[in-house]
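In what follows, a single structure is set out as structure tokens and then discussed.
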Amino acid sequence: MISYSYSAGLFGIDGFGVTVECHSTNKLSVFEIVGLPDNAVKEAKERVRAAAINSRLPFPDNEIIVNLAPADKRKEGSSYDVAILVSILLSNRVFNSPDKLKDACFVGELSLSGSIRPINGVLCMTVAARREGKKQIFVPYENAREASVIDGIEVYGVNSIVEIVDHFNGLRELSPISFDINDDISPVKYPDFSEVMGQSQARRAAEIAAAGGHNLLLIGPPGTGKSMIAKRIPSILPEMTFDESIETTKIHSVSGILPEGTSLIRQRPFRSPHHTMSAPSLVGGGKIPQPGEVSLANNGVLFLDELPEFNRQVTESLRQPLEDGKITITRAAGRITYPSSFMLVCAMNPCKCGYYGHPTHPCTCKKEEIKKYISKISGPLLDRIDIQIEVSSLNYSEMSSKQMAESSESIKERVNKARKIMQKRFVGEKTEAGAPITCNAQMEAKHIKKYCSLSNECSALMERAFTALGLSARGHDRILRLARTIADLAGSDDIMQSHIAEAIQLRSLDKKYFN
Ligand SMILES: Nc1ncnc2c1ncn2[C@@H]1O[C@H](COP(=O)(O)OP(=O)(O)OP(=O)(O)O)[C@@H](O)[C@H]1O
Ligand SMILES: [Mg+2]
């Protein structure tokens, strides 16, 4: 007799439906799992048998062949355990109404005692189960909130295989868990901008960057507040849309870093990897490719402090994700693409001693040393950083001022307003790579043409800047994108001369440091 149960597998952040077929006869006592299983799936045999016996469920002594279909897709990990045991129990006639299981999907790892352990990627698997037309999904209890985000499918959080058997046999009724948008763990509290004294240009640059999603480079001598400002950026980032939340949660779910009890990530992520990190941990990798920092920062911020200290190979690997908003990792197991649309924030000193260009403090570096230090950051990378500004030393009156600076909450209000304008503007707009556009930084040439038209006076100002600063076409587009964000922050439909002038200011560093 052949019995069927249903499960879901993972490929990157995409789930796919899996049918678990179980064939059992009165022949020899063998137990085989086929259908491209990896070692963890093969080991399910031992877990499944022990879980059944220790739960006092009848486990057949005869031949069992379990096939995970489609057989051409690689199956990895321990998440098929529950579905495998369910199909074996079905073939052993443990369920009194087997038809009731036809619309159900099962995911979860079994312990030897029969309890069910949490797994990674449940959100993506739930999406796949719904797509396959399943009406219910049974997931490990700890993963239930995460799965409940998806509507159109009932989610049951279960602690053991016995609960599943009893539920279907009418011995105990489990209730599906419902999603509540307000029911979340307390959000991360980020430090506040009110603690940053002076530095009005850098504060303003952070606000513009957050509003438009622009990449930002802060450069300056030690102790001026570069790291301090960067670490406060998450406190002013705009609210996430539901789709952005789902996408980011999927990535964190697959990586297994979703805090227990979280249903949906609603705060933009802030990732700040150390400069000793390797390229694979930045962009993703491993035998079964896992998302790297660029993907964990998706829809949020990737902060690289002390940028020149990063290995050049590591920073160079940022080019593809910065350009395309996604990263493709190729391994023997196949090609996996993860989203990686993030705002890059970098901080650095202008030279090894930190004081090159300082008005009073002498720099002790040799000319070649300064050149070498700066050249660690490649032109193509710098080219993708819209805002590059200097954060200079505070003067005494700024430092000793008793007045509190503007709070993050109040800055965030403006940022949210501006971002809403952008979201409305870009409804239906897509990048060449097919990704939806949600903020000004993502505009490509054709969108800039459409949404950044200039009056005659503004064109004349642009022309003068173009000649005086020796701008490239790329630099020209960048200034228009920034000017669009500055206009949105001001609630202005049109880009004005003052917006362009401010945008130009945010790019004044190229000449001083990088040429
Ligand atoms: N603008 C500022 N307002 C208030 N405190 C500041 C400011 N700038 C610096 N500080 C104080 O100095 C400390 C160091 O600042 P921060 O780490 O941001 O400097 P940095 O510019 O990143 O320096 P480095 O180049 O050495 O990394 C902060 O923890 C804070 O106490
Ligand atoms: Mg610092």
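Letters for chains follow the order of the structure tokens (A, B, ...), residue numbers begin at 1 for each chain, and ligand numbers begin at 1 in the order shown.
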
Sorted per-residue table, chain A near ligand 2, closest atoms and distance, 12 Å, only C-alpha atoms and all ligand atoms, as JSON lines:
```
{"residue": "A:Leu218", "atom": "CA", "partner": "ligand 2", "partner_atom_place_in_ligand_line": "1 (Mg)", "distance": 9.7}
{"residue": "A:Ile219", "atom": "CA", "partner": "ligand 2", "partner_atom_place_in_ligand_line": "1 (Mg)", "distance": 9.7}
{"residue": "A:Gly220", "atom": "CA", "partner": "ligand 2", "partner_atom_place_in_ligand_line": "1 (Mg)", "distance": 9.4}
{"residue": "A:Pro221", "atom": "CA", "partner": "ligand 2", "partner_atom_place_in_ligand_line": "1 (Mg)", "distance": 9.2}
{"residue": "A:Pro222", "atom": "CA", "partner": "ligand 2", "partner_atom_place_in_ligand_line": "1 (Mg)", "distance": 6.9}
{"residue": "A:Gly223", "atom": "CA", "partner": "ligand 2", "partner_atom_place_in_ligand_line": "1 (Mg)", "distance": 6.9}
{"residue": "A:Thr224", "atom": "CA", "partner": "ligand 2", "partner_atom_place_in_ligand_line": "1 (Mg)", "distance": 8.2}
{"residue": "A:Gly225", "atom": "CA", "partner": "ligand 2", "partner_atom_place_in_ligand_line": "1 (Mg)", "distance": 7.0}
{"residue": "A:Lys226", "atom": "CA", "partner": "ligand 2", "partner_atom_place_in_ligand_line": "1 (Mg)", "distance": 5.5}
{"residue": "A:Ser227", "atom": "CA", "partner": "ligand 2", "partner_atom_place_in_ligand_line": "1 (Mg)", "distance": 4.1}
{"residue": "A:Met228", "atom": "CA", "partner": "ligand 2", "partner_atom_place_in_ligand_line": "1 (Mg)", "distance": 7.2}
{"residue": "A:Ile229", "atom": "CA", "partner": "ligand 2", "partner_atom_place_in_ligand_line": "1 (Mg)", "distance": 9.3}
{"residue": "A:Ala230", "atom": "CA", "partner": "ligand 2", "partner_atom_place_in_ligand_line": "1 (Mg)", "distance": 8.9}
{"residue": "A:Lys231", "atom": "CA", "partner": "ligand 2", "partner_atom_place_in_ligand_line": "1 (Mg)", "distance": 9.9}
{"residue": "A:Phe303", "atom": "CA", "partner": "ligand 2", "partner_atom_place_in_ligand_line": "1 (Mg)", "distance": 11.2}
{"residue": "A:Leu304", "atom": "CA", "partner": "ligand 2", "partner_atom_place_in_ligand_line": "1 (Mg)", "distance": 10.0}
{"residue": "A:Asp305", "atom": "CA", "partner": "ligand 2", "partner_atom_place_in_ligand_line": "1 (Mg)", "distance": 6.3}
{"residue": "A:Glu306", "atom": "CA", "partner": "ligand 2", "partner_atom_place_in_ligand_line": "1 (Mg)", "distance": 6.6}
{"residue": "A:Leu307", "atom": "CA", "partner": "ligand 2", "partner_atom_place_in_ligand_line": "1 (Mg)", "distance": 10.0}
{"residue": "A:Glu309", "atom": "CA", "partner": "ligand 2", "partner_atom_place_in_ligand_line": "1 (Mg)", "distance": 11.8}
{"residue": "A:Cys346", "atom": "CA", "partner": "ligand 2", "partner_atom_place_in_ligand_line": "1 (Mg)", "distance": 9.8}
{"residue": "A:Ala347", "atom": "CA", "partner": "ligand 2", "partner_atom_place_in_ligand_line": "1 (Mg)", "distance": 6.7}
{"residue": "A:Met348", "atom": "CA", "partner": "ligand 2", "partner_atom_place_in_ligand_line": "1 (Mg)", "distance": 7.1}
{"residue": "A:Asn349", "atom": "CA", "partner": "ligand 2", "partner_atom_place_in_ligand_line": "1 (Mg)", "distance": 8.3}
{"residue": "A:Gly354", "atom": "CA", "partner": "ligand 2", "partner_atom_place_in_ligand_line": "1 (Mg)", "distance": 10.8}
{"residue": "A:Val391", "atom": "CA", "partner": "ligand 2", "partner_atom_place_in_ligand_line": "1 (Mg)", "distance": 11.1}
```

For Thr438 in chain A, list every protein, DNA or RNA residue within 8 Å, evaluated using only C-alpha atoms, and leave out those in the same chain fewer than 6 positions away; present the list as a short mmCIF file (atom, residue, chain, number, x, y, z; two decimals) with N, CA and C atoms, in the first residue's frame.
```cif
data_model
loop_
_atom_site.label_atom_id
_atom_site.label_comp_id
_atom_site.auth_asym_id
_atom_site.auth_seq_id
_atom_site.Cartn_x
_atom_site.Cartn_y
_atom_site.Cartn_z
N MET A 422 7.50 59.04 -1.91
CA MET A 422 8.24 58.22 -2.89
C MET A 422 7.46 56.96 -3.23
N GLN A 423 6.91 56.30 -2.20
CA GLN A 423 6.20 55.04 -2.45
C GLN A 423 5.00 55.28 -3.37
N PHE A 426 6.24 55.81 -7.02
CA PHE A 426 6.82 54.69 -7.77
C PHE A 426 5.91 53.46 -7.89
N VAL A 427 4.63 53.62 -7.57
CA VAL A 427 3.73 52.46 -7.69
C VAL A 427 3.83 51.87 -9.11
#
```

Worksheet item: Nearest to Leu110 in chain A among A:Asn159, A:Ser407, A:Asn96, A:Ser87, with distances taken over only C-alpha atoms: which residue is it?
Response: A:Asn159

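Selecting strand (DSSP E) from the backbone DSSP output for range 224-344 of chain A yields Phe270, Arg271, Gly284, Gly285, Gln290, Pro291, Val301, Leu302, Phe303, Leu304, Asp305, Lys326, Ile327, Thr328, Ile329, Thr330, Arg331, Gly334, Arg335, Ile336, Thr337, Tyr338, Pro339, Met343 and Leu344 of chain A.
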
Practice prompt. Determine, counting only C-alpha atoms, which protein, DNA and RNA residues have an atom within 7 Å of an atom of Val82 in chain A; residues of the same chain fewer than 5 positions away are not included. Present the result as a PyMOL selection string.
Written response: chain A and resi 106-110
